[in-house]
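coords_13.pdb (PDB, C-alpha atoms and all ligand atoms) appears below.
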ATOM      1  CA  MET A   1       0.000   0.000   0.000  1.00  0.00           C
ATOM      2  CA  ARG A   2       2.722   2.410   1.058  1.00  0.00           C
ATOM      3  CA  VAL A   3       4.811   1.483  -2.032  1.00  0.00           C
ATOM      4  CA  LEU A   4       1.817   2.068  -4.269  1.00  0.00           C
ATOM      5  CA  PHE A   5       1.275   5.469  -2.676  1.00  0.00           C
ATOM      6  CA  ILE A   6       4.905   6.425  -3.254  1.00  0.00           C
ATOM      7  CA  ILE A   7       4.733   5.342  -6.907  1.00  0.00           C
ATOM      8  CA  ILE A   8       1.532   7.292  -7.538  1.00  0.00           C
ATOM      9  CA  PHE A   9       2.887  10.339  -5.700  1.00  0.00           C
ATOM     10  CA  SER A  10       6.147  10.368  -7.666  1.00  0.00           C
ATOM     11  CA  MET A  11       4.254   9.991 -10.955  1.00  0.00           C
ATOM     12  CA  MET A  12       2.074  12.948 -10.017  1.00  0.00           C
ATOM     13  CA  TRP A  13       5.180  14.927  -9.012  1.00  0.00           C
ATOM     14  CA  GLU A  14       6.895  14.215 -12.340  1.00  0.00           C
ATOM     15  CA  TYR A  15       3.741  15.217 -14.150  1.00  0.00           C
ATOM     16  CA  SER A  16       3.352  18.460 -12.246  1.00  0.00           C
ATOM     17  CA  PHE A  17       7.055  19.362 -12.426  1.00  0.00           C
ATOM     18  CA  PRO A  18       8.356  17.896 -15.663  1.00  0.00           C
ATOM     19  CA  GLN A  19      11.710  19.661 -15.176  1.00  0.00           C
ATOM     20  CA  ALA A  20      12.212  18.162 -11.745  1.00  0.00           C
ATOM     21  CA  ASP A  21      15.570  16.475 -11.272  1.00  0.00           C
ATOM     22  CA  LYS A  22      17.950  16.120  -8.345  1.00  0.00           C
ATOM     23  CA  TYR A  23      19.282  19.625  -9.012  1.00  0.00           C
ATOM     24  CA  THR A  24      15.899  21.368  -9.086  1.00  0.00           C
ATOM     25  CA  SER A  25      16.284  22.958  -5.665  1.00  0.00           C
ATOM     26  CA  ALA A  26      19.900  24.013  -6.380  1.00  0.00           C
ATOM     27  CA  ARG A  27      18.670  25.595  -9.616  1.00  0.00           C
ATOM     28  CA  ASN A  28      15.803  27.409  -7.906  1.00  0.00           C
ATOM     29  CA  GLU A  29      18.186  28.709  -5.236  1.00  0.00           C
ATOM     30  CA  MET A  30      20.598  29.881  -7.921  1.00  0.00           C
ATOM     31  CA  VAL A  31      17.792  31.872  -9.547  1.00  0.00           C
ATOM     32  CA  GLU A  32      16.604  33.316  -6.262  1.00  0.00           C
ATOM     33  CA  TYR A  33      19.902  34.316  -4.637  1.00  0.00           C
ATOM     34  CA  GLN A  34      22.198  34.961  -7.614  1.00  0.00           C
ATOM     35  CA  ILE A  35      19.767  36.310 -10.189  1.00  0.00           C
ATOM     36  CA  SER A  36      16.549  37.640  -8.726  1.00  0.00           C
ATOM     37  CA  ASP A  37      18.049  39.089  -5.521  1.00  0.00           C
ATOM     38  CA  ARG A  38      20.622  40.937  -7.648  1.00  0.00           C
ATOM     39  CA  GLY A  39      17.957  42.785  -9.565  1.00  0.00           C
ATOM     40  CA  ILE A  40      17.062  40.714 -12.643  1.00  0.00           C
ATOM     41  CA  THR A  41      13.288  41.081 -12.877  1.00  0.00           C
ATOM     42  CA  ASN A  42      12.408  39.765 -16.363  1.00  0.00           C
ATOM     43  CA  SER A  43      10.131  36.844 -15.499  1.00  0.00           C
ATOM     44  CA  GLU A  44      10.850  35.052 -18.785  1.00  0.00           C
ATOM     45  CA  ILE A  45      14.547  34.955 -17.915  1.00  0.00           C
ATOM     46  CA  LEU A  46      13.916  33.742 -14.381  1.00  0.00           C
ATOM     47  CA  LYS A  47      11.600  31.047 -15.758  1.00  0.00           C
ATOM     48  CA  ALA A  48      14.141  29.977 -18.401  1.00  0.00           C
ATOM     49  CA  MET A  49      16.946  29.723 -15.853  1.00  0.00           C
ATOM     50  CA  ARG A  50      14.746  27.711 -13.499  1.00  0.00           C
ATOM     51  CA  LYS A  51      14.152  25.329 -16.381  1.00  0.00           C
ATOM     52  CA  VAL A  52      17.460  24.881 -18.254  1.00  0.00           C
ATOM     53  CA  PRO A  53      19.465  22.067 -16.592  1.00  0.00           C
ATOM     54  CA  ARG A  54      22.822  23.839 -16.252  1.00  0.00           C
ATOM     55  CA  HIS A  55      24.444  20.698 -14.754  1.00  0.00           C
ATOM     56  CA  LEU A  56      24.129  19.012 -18.156  1.00  0.00           C
ATOM     57  CA  PHE A  57      26.228  21.769 -19.786  1.00  0.00           C
ATOM     58  CA  VAL A  58      29.360  21.306 -17.651  1.00  0.00           C
ATOM     59  CA  PRO A  59      31.932  18.489 -17.673  1.00  0.00           C
ATOM     60  CA  LYS A  60      30.959  15.563 -15.391  1.00  0.00           C
ATOM     61  CA  GLU A  61      33.558  16.420 -12.740  1.00  0.00           C
ATOM     62  CA  TYR A  62      31.889  19.819 -12.220  1.00  0.00           C
ATOM     63  CA  THR A  63      28.281  18.598 -12.056  1.00  0.00           C
ATOM     64  CA  ASN A  64      28.020  19.383  -8.357  1.00  0.00           C
ATOM     65  CA  ASP A  65      29.390  22.896  -8.953  1.00  0.00           C
ATOM     66  CA  ALA A  66      27.051  23.680 -11.839  1.00  0.00           C
ATOM     67  CA  TYR A  67      24.798  25.993  -9.804  1.00  0.00           C
ATOM     68  CA  GLY A  68      27.638  27.844  -8.074  1.00  0.00           C
ATOM     69  CA  ASP A  69      28.126  31.601  -8.375  1.00  0.00           C
ATOM     70  CA  TYR A  70      31.124  31.396 -10.741  1.00  0.00           C
ATOM     71  CA  PRO A  71      32.223  30.403 -14.253  1.00  0.00           C
ATOM     72  CA  LEU A  72      33.484  26.842 -14.815  1.00  0.00           C
ATOM     73  CA  PRO A  73      35.950  25.266 -17.255  1.00  0.00           C
ATOM     74  CA  ILE A  74      34.370  23.461 -20.211  1.00  0.00           C
ATOM     75  CA  GLY A  75      37.588  22.219 -21.861  1.00  0.00           C
ATOM     76  CA  TYR A  76      39.762  23.656 -24.663  1.00  0.00           C
ATOM     77  CA  GLY A  77      40.703  26.541 -22.342  1.00  0.00           C
ATOM     78  CA  GLN A  78      37.131  27.892 -22.438  1.00  0.00           C
ATOM     79  CA  THR A  79      34.525  28.558 -19.738  1.00  0.00           C
ATOM     80  CA  ILE A  80      30.775  28.584 -19.191  1.00  0.00           C
ATOM     81  CA  SER A  81      29.919  32.041 -17.828  1.00  0.00           C
ATOM     82  CA  GLN A  82      28.749  32.718 -14.267  1.00  0.00           C
ATOM     83  CA  PRO A  83      24.927  32.344 -14.107  1.00  0.00           C
ATOM     84  CA  TYR A  84      24.392  36.022 -13.214  1.00  0.00           C
ATOM     85  CA  ILE A  85      26.341  37.197 -16.276  1.00  0.00           C
ATOM     86  CA  VAL A  86      24.184  34.974 -18.503  1.00  0.00           C
ATOM     87  CA  ALA A  87      21.036  36.447 -16.956  1.00  0.00           C
ATOM     88  CA  TYR A  88      22.331  40.018 -17.182  1.00  0.00           C
ATOM     89  CA  MET A  89      23.418  39.766 -20.827  1.00  0.00           C
ATOM     90  CA  THR A  90      20.085  38.169 -21.687  1.00  0.00           C
ATOM     91  CA  GLU A  91      18.161  40.939 -19.929  1.00  0.00           C
ATOM     92  CA  VAL A  92      19.936  43.873 -21.618  1.00  0.00           C
ATOM     93  CA  VAL A  93      19.144  42.590 -25.123  1.00  0.00           C
ATOM     94  CA  LYS A  94      15.385  42.591 -24.314  1.00  0.00           C
ATOM     95  CA  PRO A  95      14.442  39.133 -25.628  1.00  0.00           C
ATOM     96  CA  ASN A  96      10.932  38.145 -26.683  1.00  0.00           C
ATOM     97  CA  LYS A  97       9.176  35.531 -28.780  1.00  0.00           C
ATOM     98  CA  LYS A  98       9.354  37.586 -31.980  1.00  0.00           C
ATOM     99  CA  LYS A  99      13.116  38.096 -31.968  1.00  0.00           C
ATOM    100  CA  LYS A 100      15.907  36.424 -33.886  1.00  0.00           C
ATOM    101  CA  ALA A 101      19.256  36.182 -32.108  1.00  0.00           C
ATOM    102  CA  LEU A 102      22.884  35.575 -32.982  1.00  0.00           C
ATOM    103  CA  GLU A 103      25.390  34.419 -30.397  1.00  0.00           C
ATOM    104  CA  ILE A 104      29.145  34.449 -30.993  1.00  0.00           C
ATOM    105  CA  GLY A 105      30.858  31.896 -28.726  1.00  0.00           C
ATOM    106  CA  THR A 106      28.547  28.910 -28.248  1.00  0.00           C
ATOM    107  CA  GLY A 107      30.871  27.287 -25.698  1.00  0.00           C
ATOM    108  CA  SER A 108      28.742  24.828 -23.726  1.00  0.00           C
ATOM    109  CA  GLY A 109      25.498  26.006 -25.356  1.00  0.00           C
ATOM    110  CA  TYR A 110      24.045  27.188 -22.028  1.00  0.00           C
ATOM    111  CA  GLN A 111      23.566  30.848 -22.993  1.00  0.00           C
ATOM    112  CA  ALA A 112      22.026  29.733 -26.291  1.00  0.00           C
ATOM    113  CA  ALA A 113      19.576  27.461 -24.428  1.00  0.00           C
ATOM    114  CA  VAL A 114      18.496  30.212 -22.006  1.00  0.00           C
ATOM    115  CA  LEU A 115      17.939  32.576 -24.918  1.00  0.00           C
ATOM    116  CA  ALA A 116      16.138  29.944 -26.990  1.00  0.00           C
ATOM    117  CA  GLU A 117      13.581  29.496 -24.193  1.00  0.00           C
ATOM    118  CA  ILE A 118      12.490  33.083 -24.861  1.00  0.00           C
ATOM    119  CA  VAL A 119      13.215  34.139 -28.460  1.00  0.00           C
ATOM    120  CA  ASP A 120      12.116  32.714 -31.808  1.00  0.00           C
ATOM    121  CA  THR A 121      15.464  31.417 -33.106  1.00  0.00           C
ATOM    122  CA  VAL A 122      19.072  31.424 -31.942  1.00  0.00           C
ATOM    123  CA  TYR A 123      21.944  31.189 -34.422  1.00  0.00           C
ATOM    124  CA  THR A 124      25.195  30.480 -32.638  1.00  0.00           C
ATOM    125  CA  ILE A 125      28.808  30.256 -33.860  1.00  0.00           C
ATOM    126  CA  GLU A 126      31.718  28.562 -32.067  1.00  0.00           C
ATOM    127  CA  ILE A 127      35.333  28.699 -33.205  1.00  0.00           C
ATOM    128  CA  VAL A 128      36.491  25.484 -31.441  1.00  0.00           C
ATOM    129  CA  PRO A 129      35.091  22.765 -33.705  1.00  0.00           C
ATOM    130  CA  GLU A 130      34.950  20.143 -30.913  1.00  0.00           C
ATOM    131  CA  LEU A 131      32.882  22.470 -28.691  1.00  0.00           C
ATOM    132  CA  ALA A 132      30.575  23.318 -31.596  1.00  0.00           C
ATOM    133  CA  ALA A 133      29.967  19.613 -32.264  1.00  0.00           C
ATOM    134  CA  GLU A 134      29.472  18.737 -28.572  1.00  0.00           C
ATOM    135  CA  SER A 135      27.061  21.609 -28.000  1.00  0.00           C
ATOM    136  CA  GLU A 136      25.110  20.940 -31.158  1.00  0.00           C
ATOM    137  CA  ALA A 137      24.602  17.311 -30.069  1.00  0.00           C
ATOM    138  CA  ARG A 138      23.722  18.337 -26.490  1.00  0.00           C
ATOM    139  CA  LEU A 139      21.146  20.922 -27.577  1.00  0.00           C
ATOM    140  CA  LYS A 140      19.595  18.560 -30.090  1.00  0.00           C
ATOM    141  CA  LYS A 141      19.276  15.836 -27.448  1.00  0.00           C
ATOM    142  CA  MET A 142      17.525  18.354 -25.190  1.00  0.00           C
ATOM    143  CA  GLY A 143      15.053  19.114 -27.945  1.00  0.00           C
ATOM    144  CA  TYR A 144      16.100  22.666 -28.880  1.00  0.00           C
ATOM    145  CA  SER A 145      14.970  22.757 -32.492  1.00  0.00           C
ATOM    146  CA  ASN A 146      15.233  26.579 -32.556  1.00  0.00           C
ATOM    147  CA  ILE A 147      19.017  26.691 -32.035  1.00  0.00           C
ATOM    148  CA  ILE A 148      21.281  26.441 -35.064  1.00  0.00           C
ATOM    149  CA  VAL A 149      24.967  25.861 -34.316  1.00  0.00           C
ATOM    150  CA  LYS A 150      27.809  26.547 -36.731  1.00  0.00           C
ATOM    151  CA  ALA A 151      31.540  25.903 -36.288  1.00  0.00           C
ATOM    152  CA  GLY A 152      33.713  28.815 -37.377  1.00  0.00           C
ATOM    153  CA  ASP A 153      34.981  32.306 -36.676  1.00  0.00           C
ATOM    154  CA  GLY A 154      32.046  34.491 -35.662  1.00  0.00           C
ATOM    155  CA  TYR A 155      33.839  37.736 -36.576  1.00  0.00           C
ATOM    156  CA  ASN A 156      31.906  37.947 -39.834  1.00  0.00           C
ATOM    157  CA  GLY A 157      28.559  37.103 -38.252  1.00  0.00           C
ATOM    158  CA  TRP A 158      26.094  35.035 -40.273  1.00  0.00           C
ATOM    159  CA  THR A 159      25.064  37.042 -43.329  1.00  0.00           C
ATOM    160  CA  GLY A 160      22.538  34.528 -44.641  1.00  0.00           C
ATOM    161  CA  HIS A 161      20.337  34.891 -41.560  1.00  0.00           C
ATOM    162  CA  SER A 162      20.863  38.601 -40.817  1.00  0.00           C
ATOM    163  CA  PRO A 163      19.627  41.075 -39.747  1.00  0.00           C
ATOM    164  CA  PHE A 164      19.438  40.054 -36.082  1.00  0.00           C
ATOM    165  CA  ASP A 165      17.353  41.724 -33.371  1.00  0.00           C
ATOM    166  CA  ILE A 166      19.795  40.473 -30.767  1.00  0.00           C
ATOM    167  CA  ILE A 167      23.530  39.776 -30.921  1.00  0.00           C
ATOM    168  CA  ILE A 168      25.328  38.407 -27.852  1.00  0.00           C
ATOM    169  CA  VAL A 169      29.112  38.058 -27.990  1.00  0.00           C
ATOM    170  CA  THR A 170      30.452  35.902 -25.162  1.00  0.00           C
ATOM    171  CA  ALA A 171      34.192  36.332 -25.798  1.00  0.00           C
ATOM    172  CA  ALA A 172      36.223  39.506 -25.180  1.00  0.00           C
ATOM    173  CA  ALA A 173      37.085  41.389 -28.356  1.00  0.00           C
ATOM    174  CA  GLU A 174      39.660  44.176 -28.579  1.00  0.00           C
ATOM    175  CA  GLU A 175      37.308  46.019 -30.888  1.00  0.00           C
ATOM    176  CA  ILE A 176      33.710  45.595 -31.976  1.00  0.00           C
ATOM    177  CA  PRO A 177      33.570  43.487 -35.160  1.00  0.00           C
ATOM    178  CA  ARG A 178      32.177  45.761 -37.913  1.00  0.00           C
ATOM    179  CA  PRO A 179      30.208  42.953 -39.655  1.00  0.00           C
ATOM    180  CA  LEU A 180      28.198  42.404 -36.453  1.00  0.00           C
ATOM    181  CA  LEU A 181      27.135  46.066 -36.393  1.00  0.00           C
ATOM    182  CA  ASP A 182      26.106  45.799 -40.036  1.00  0.00           C
ATOM    183  CA  GLN A 183      24.025  42.688 -39.284  1.00  0.00           C
ATOM    184  CA  LEU A 184      22.123  44.317 -36.434  1.00  0.00           C
ATOM    185  CA  ALA A 185      18.472  45.047 -37.262  1.00  0.00           C
ATOM    186  CA  GLU A 186      16.854  48.452 -36.705  1.00  0.00           C
ATOM    187  CA  ASN A 187      16.233  48.716 -32.923  1.00  0.00           C
ATOM    188  CA  GLY A 188      18.512  45.691 -32.585  1.00  0.00           C
ATOM    189  CA  ARG A 189      20.656  45.272 -29.463  1.00  0.00           C
ATOM    190  CA  LEU A 190      24.214  43.940 -29.331  1.00  0.00           C
ATOM    191  CA  VAL A 191      26.063  43.173 -26.106  1.00  0.00           C
ATOM    192  CA  ILE A 192      29.808  42.538 -26.126  1.00  0.00           C
ATOM    193  CA  PRO A 193      32.758  42.547 -23.708  1.00  0.00           C
ATOM    194  CA  VAL A 194      35.407  44.880 -25.145  1.00  0.00           C
ATOM    195  CA  GLY A 195      39.001  45.022 -23.978  1.00  0.00           C
ATOM    196  CA  GLN A 196      42.257  43.134 -23.638  1.00  0.00           C
ATOM    197  CA  ALA A 197      42.138  39.449 -22.790  1.00  0.00           C
ATOM    198  CA  GLY A 198      43.482  38.601 -19.352  1.00  0.00           C
ATOM    199  CA  ALA A 199      42.310  41.916 -17.878  1.00  0.00           C
ATOM    200  CA  VAL A 200      38.829  43.157 -17.044  1.00  0.00           C
ATOM    201  CA  GLN A 201      36.805  44.298 -20.011  1.00  0.00           C
ATOM    202  CA  ASP A 202      33.974  46.774 -20.512  1.00  0.00           C
ATOM    203  CA  LEU A 203      30.608  45.205 -21.188  1.00  0.00           C
ATOM    204  CA  ILE A 204      29.147  47.396 -23.921  1.00  0.00           C
ATOM    205  CA  LEU A 205      25.565  47.608 -25.188  1.00  0.00           C
ATOM    206  CA  LEU A 206      25.017  48.896 -28.729  1.00  0.00           C
ATOM    207  CA  VAL A 207      21.562  49.789 -29.991  1.00  0.00           C
ATOM    208  CA  LYS A 208      20.796  50.611 -33.636  1.00  0.00           C
ATOM    209  CA  LYS A 209      18.401  53.565 -33.922  1.00  0.00           C
ATOM    210  CA  ASN A 210      17.556  55.080 -37.321  1.00  0.00           C
ATOM    211  CA  GLY A 211      20.605  53.332 -38.720  1.00  0.00           C
ATOM    212  CA  LYS A 212      22.900  54.912 -36.114  1.00  0.00           C
ATOM    213  CA  ILE A 213      24.647  53.061 -33.301  1.00  0.00           C
ATOM    214  CA  GLU A 214      24.115  54.226 -29.717  1.00  0.00           C
ATOM    215  CA  LYS A 215      26.709  52.959 -27.280  1.00  0.00           C
ATOM    216  CA  LYS A 216      26.386  52.409 -23.550  1.00  0.00           C
ATOM    217  CA  HIS A 217      28.909  51.150 -21.019  1.00  0.00           C
ATOM    218  CA  LEU A 218      27.211  48.690 -18.646  1.00  0.00           C
ATOM    219  CA  THR A 219      29.760  47.207 -16.246  1.00  0.00           C
ATOM    220  CA  VAL A 220      33.116  45.482 -16.138  1.00  0.00           C
ATOM    221  CA  VAL A 221      33.464  41.761 -16.806  1.00  0.00           C
ATOM    222  CA  ARG A 222      36.115  39.124 -17.380  1.00  0.00           C
ATOM    223  CA  PHE A 223      35.732  36.894 -20.441  1.00  0.00           C
ATOM    224  CA  VAL A 224      37.929  34.490 -22.411  1.00  0.00           C
ATOM    225  CA  PRO A 225      39.451  36.093 -25.537  1.00  0.00           C
ATOM    226  CA  PHE A 226      37.739  36.487 -28.873  1.00  0.00           C
ATOM    227  CA  LYS A 227      39.930  34.533 -31.272  1.00  0.00           C
ATOM    228  CA  ARG A 228      40.378  34.853 -35.018  1.00  0.00           C
ATOM    229  CA  SER A 229      40.780  31.900 -37.308  1.00  0.00           C
ATOM    230  CA  LYS A 230      43.990  32.315 -39.337  1.00  0.00           C
ATOM    231  CA  ASN A 231      42.359  31.770 -42.711  1.00  0.00           C
ATOM    232  CA  GLN A 232      39.939  34.630 -42.082  1.00  0.00           C
ATOM    233  CA  LEU A 233      42.427  37.259 -40.965  1.00  0.00           C
TER     234      LEU A 233
HETATM  235  N1  LIG A 301      28.278  31.303 -24.202  1.00  0.00           N
HETATM  236  C1  LIG A 301      29.110  30.242 -23.659  1.00  0.00           C
HETATM  237  C2  LIG A 301      30.357  30.777 -22.990  1.00  0.00           C
HETATM  238  C3  LIG A 301      31.436  30.631 -23.934  1.00  0.00           C
HETATM  239  S1  LIG A 301      33.065  31.154 -23.526  1.00  0.00           S
HETATM  240  C4  LIG A 301      28.326  29.338 -22.734  1.00  0.00           C
HETATM  241  O1  LIG A 301      27.164  29.627 -22.432  1.00  0.00           O
HETATM  242  O2  LIG A 301      28.874  28.308 -22.340  1.00  0.00           O
HETATM  243  C5  LIG A 301      33.421  31.925 -25.082  1.00  0.00           C
HETATM  244  C6  LIG A 301      33.444  31.025 -26.281  1.00  0.00           C
HETATM  245  O3  LIG A 301      33.719  31.841 -27.408  1.00  0.00           O
HETATM  246  C7  LIG A 301      34.522  29.946 -26.275  1.00  0.00           C
HETATM  247  O4  LIG A 301      33.946  28.689 -26.429  1.00  0.00           O
HETATM  248  C8  LIG A 301      35.427  30.324 -27.446  1.00  0.00           C
HETATM  249  O5  LIG A 301      35.972  29.208 -28.105  1.00  0.00           O
HETATM  250  C9  LIG A 301      34.467  31.094 -28.335  1.00  0.00           C
HETATM  251  N2  LIG A 301      35.073  32.016 -29.295  1.00  0.00           N
HETATM  252  C10 LIG A 301      36.160  32.803 -29.133  1.00  0.00           C
HETATM  253  N3  LIG A 301      36.400  33.524 -30.258  1.00  0.00           N
HETATM  254  C11 LIG A 301      35.412  33.178 -31.140  1.00  0.00           C
HETATM  255  C12 LIG A 301      35.105  33.577 -32.480  1.00  0.00           C
HETATM  256  N4  LIG A 301      35.867  34.446 -33.153  1.00  0.00           N
HETATM  257  N5  LIG A 301      34.025  33.031 -33.082  1.00  0.00           N
HETATM  258  C13 LIG A 301      33.247  32.127 -32.431  1.00  0.00           C
HETATM  259  N6  LIG A 301      33.504  31.702 -31.175  1.00  0.00           N
HETATM  260  C14 LIG A 301      34.561  32.227 -30.534  1.00  0.00           C
END
Would you mind writing the file out in structure tokens?
Ligand code: SAH
Amino acid sequence: MRVLFIIIFSMMWEYSFPQADKYTSARNEMVEYQISDRGITNSEILKAMRKVPRHLFVPKEYTNDAYGDYPLPIGYGQTISQPYIVAYMTEVVKPNKKKKALEIGTGSGYQAAVLAEIVDTVYTIEIVPELAAESEARLKKMGYSNIIVKAGDGYNGWTGHSPFDIIIVTAAAEEIPRPLLDQLAENGRLVIPVGQAGAVQDLILLVKKNGKIEKKHLTVVRFVPFKRSKNQL
């Protein structure tokens, strides 16, 4: 009788909370203390970050650290950003269901997944071919049919799918790549860390208004460097 009750209860639980897994409470705490308490109010972002299983985006040895308040290594010298930075960059580009986004620096695919929960389509480019392949497989397995991953140098953007309402660059560039500005839609928003690698960089927001770019300094951040592929220099 008791066993039957437990089985029925757990089936009902799974049904009511389809995203429930052993990290659900860690994920909810991450959203409450690291994201919401620090001023991110966009309910779509909070909902997306409560849903996306961040522990599946980090290497196995870091699974238990996946909801910590810091970036983590993802191999090939790259990192998955701190959860708050993901939330913040997502908030400043004002995502909604009608928007088309481009991300430069797929990495683990986590930022792309959070964005894809909210926008129409996410195009994402990763320069390390192994990371591009791993993330493409991971996102496909999770059912994200609105994320399109490409391996390559994101400096030149993705002309075939431009213009983009949102462009998120998750690697630190010494200067803003001109092709990305050209591929920004009217009223489009581009967020990018600008500065030398190895130091802190300025997180810059660029908004295209009447064809002109308005620039705003947001905060300082620390990102891995934006690299260039030799055959595109
Ligand atoms: N958004 C990622 C964080 C990635 S770290 C996540 O959610 O996990 C930055 C990534 O940018 C790295 O994987 C790095 O390989 C990639 N990168 C650096 N320069 C690039 C370029 N020119 N084009 C595309 N990707 C680049």
What does the PyMOL selection byres (((not hetatm)) within 9 of (chain A and resi 301)) select in this file, as a PDB file with C-alpha atoms, in the frame of the given file?
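Final file, expr08.pdb:
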ATOM      1  CA  PHE A  57      26.228  21.769 -19.786  1.00  0.00           C
ATOM      2  CA  VAL A  58      29.360  21.306 -17.651  1.00  0.00           C
ATOM      3  CA  PRO A  71      32.223  30.403 -14.253  1.00  0.00           C
ATOM      4  CA  LEU A  72      33.484  26.842 -14.815  1.00  0.00           C
ATOM      5  CA  ILE A  74      34.370  23.461 -20.211  1.00  0.00           C
ATOM      6  CA  GLY A  75      37.588  22.219 -21.861  1.00  0.00           C
ATOM      7  CA  TYR A  76      39.762  23.656 -24.663  1.00  0.00           C
ATOM      8  CA  GLY A  77      40.703  26.541 -22.342  1.00  0.00           C
ATOM      9  CA  GLN A  78      37.131  27.892 -22.438  1.00  0.00           C
ATOM     10  CA  THR A  79      34.525  28.558 -19.738  1.00  0.00           C
ATOM     11  CA  ILE A  80      30.775  28.584 -19.191  1.00  0.00           C
ATOM     12  CA  SER A  81      29.919  32.041 -17.828  1.00  0.00           C
ATOM     13  CA  GLN A  82      28.749  32.718 -14.267  1.00  0.00           C
ATOM     14  CA  VAL A  86      24.184  34.974 -18.503  1.00  0.00           C
ATOM     15  CA  GLU A 103      25.390  34.419 -30.397  1.00  0.00           C
ATOM     16  CA  ILE A 104      29.145  34.449 -30.993  1.00  0.00           C
ATOM     17  CA  GLY A 105      30.858  31.896 -28.726  1.00  0.00           C
ATOM     18  CA  THR A 106      28.547  28.910 -28.248  1.00  0.00           C
ATOM     19  CA  GLY A 107      30.871  27.287 -25.698  1.00  0.00           C
ATOM     20  CA  SER A 108      28.742  24.828 -23.726  1.00  0.00           C
ATOM     21  CA  GLY A 109      25.498  26.006 -25.356  1.00  0.00           C
ATOM     22  CA  TYR A 110      24.045  27.188 -22.028  1.00  0.00           C
ATOM     23  CA  GLN A 111      23.566  30.848 -22.993  1.00  0.00           C
ATOM     24  CA  ALA A 112      22.026  29.733 -26.291  1.00  0.00           C
ATOM     25  CA  ALA A 113      19.576  27.461 -24.428  1.00  0.00           C
ATOM     26  CA  VAL A 114      18.496  30.212 -22.006  1.00  0.00           C
ATOM     27  CA  THR A 124      25.195  30.480 -32.638  1.00  0.00           C
ATOM     28  CA  ILE A 125      28.808  30.256 -33.860  1.00  0.00           C
ATOM     29  CA  GLU A 126      31.718  28.562 -32.067  1.00  0.00           C
ATOM     30  CA  ILE A 127      35.333  28.699 -33.205  1.00  0.00           C
ATOM     31  CA  VAL A 128      36.491  25.484 -31.441  1.00  0.00           C
ATOM     32  CA  PRO A 129      35.091  22.765 -33.705  1.00  0.00           C
ATOM     33  CA  LEU A 131      32.882  22.470 -28.691  1.00  0.00           C
ATOM     34  CA  ALA A 132      30.575  23.318 -31.596  1.00  0.00           C
ATOM     35  CA  SER A 135      27.061  21.609 -28.000  1.00  0.00           C
ATOM     36  CA  LYS A 150      27.809  26.547 -36.731  1.00  0.00           C
ATOM     37  CA  ALA A 151      31.540  25.903 -36.288  1.00  0.00           C
ATOM     38  CA  GLY A 152      33.713  28.815 -37.377  1.00  0.00           C
ATOM     39  CA  ASP A 153      34.981  32.306 -36.676  1.00  0.00           C
ATOM     40  CA  GLY A 154      32.046  34.491 -35.662  1.00  0.00           C
ATOM     41  CA  TYR A 155      33.839  37.736 -36.576  1.00  0.00           C
ATOM     42  CA  ASN A 156      31.906  37.947 -39.834  1.00  0.00           C
ATOM     43  CA  GLY A 157      28.559  37.103 -38.252  1.00  0.00           C
ATOM     44  CA  ILE A 168      25.328  38.407 -27.852  1.00  0.00           C
ATOM     45  CA  VAL A 169      29.112  38.058 -27.990  1.00  0.00           C
ATOM     46  CA  THR A 170      30.452  35.902 -25.162  1.00  0.00           C
ATOM     47  CA  ALA A 171      34.192  36.332 -25.798  1.00  0.00           C
ATOM     48  CA  ALA A 172      36.223  39.506 -25.180  1.00  0.00           C
ATOM     49  CA  ALA A 173      37.085  41.389 -28.356  1.00  0.00           C
ATOM     50  CA  PHE A 223      35.732  36.894 -20.441  1.00  0.00           C
ATOM     51  CA  VAL A 224      37.929  34.490 -22.411  1.00  0.00           C
ATOM     52  CA  PRO A 225      39.451  36.093 -25.537  1.00  0.00           C
ATOM     53  CA  PHE A 226      37.739  36.487 -28.873  1.00  0.00           C
ATOM     54  CA  LYS A 227      39.930  34.533 -31.272  1.00  0.00           C
ATOM     55  CA  ARG A 228      40.378  34.853 -35.018  1.00  0.00           C
ATOM     56  CA  SER A 229      40.780  31.900 -37.308  1.00  0.00           C
TER      57      SER A 229
END
| Long-range neighbours of A:Leu184 as a PyMOL selection string, 12 Å cut-off, all atoms listed in the file, 5 positions minimum in chain | chain A and resi 93+99-102+157-159+161-168+177-179+189-191+206-213
| request: Would you work out the distance separating atom CA of A:Thr63 from atom CA of A:Ala199, expressed in Å to one decimal? | output: 27.8 Å
Show me as an mmCIF file with C-alpha atoms, in the coordinates of the input the residues that reach within 10 Å of (18.5, 40.8, -14.7), counting all atoms listed in the file and using the file's own coordinates.
data_model
loop_
_atom_site.group_PDB
_atom_site.id
_atom_site.type_symbol
_atom_site.label_atom_id
_atom_site.label_comp_id
_atom_site.auth_asym_id
_atom_site.auth_seq_id
_atom_site.Cartn_x
_atom_site.Cartn_y
_atom_site.Cartn_z
ATOM 1 C CA GLN A 34 22.198 34.961 -7.614
ATOM 2 C CA ILE A 35 19.767 36.310 -10.189
ATOM 3 C CA SER A 36 16.549 37.640 -8.726
ATOM 4 C CA ASP A 37 18.049 39.089 -5.521
ATOM 5 C CA ARG A 38 20.622 40.937 -7.648
ATOM 6 C CA GLY A 39 17.957 42.785 -9.565
ATOM 7 C CA ILE A 40 17.062 40.714 -12.643
ATOM 8 C CA THR A 41 13.288 41.081 -12.877
ATOM 9 C CA ASN A 42 12.408 39.765 -16.363
ATOM 10 C CA SER A 43 10.131 36.844 -15.499
ATOM 11 C CA ILE A 45 14.547 34.955 -17.915
ATOM 12 C CA LEU A 46 13.916 33.742 -14.381
ATOM 13 C CA TYR A 84 24.392 36.022 -13.214
ATOM 14 C CA ILE A 85 26.341 37.197 -16.276
ATOM 15 C CA VAL A 86 24.184 34.974 -18.503
ATOM 16 C CA ALA A 87 21.036 36.447 -16.956
ATOM 17 C CA TYR A 88 22.331 40.018 -17.182
ATOM 18 C CA MET A 89 23.418 39.766 -20.827
ATOM 19 C CA THR A 90 20.085 38.169 -21.687
ATOM 20 C CA GLU A 91 18.161 40.939 -19.929
ATOM 21 C CA VAL A 92 19.936 43.873 -21.618
#
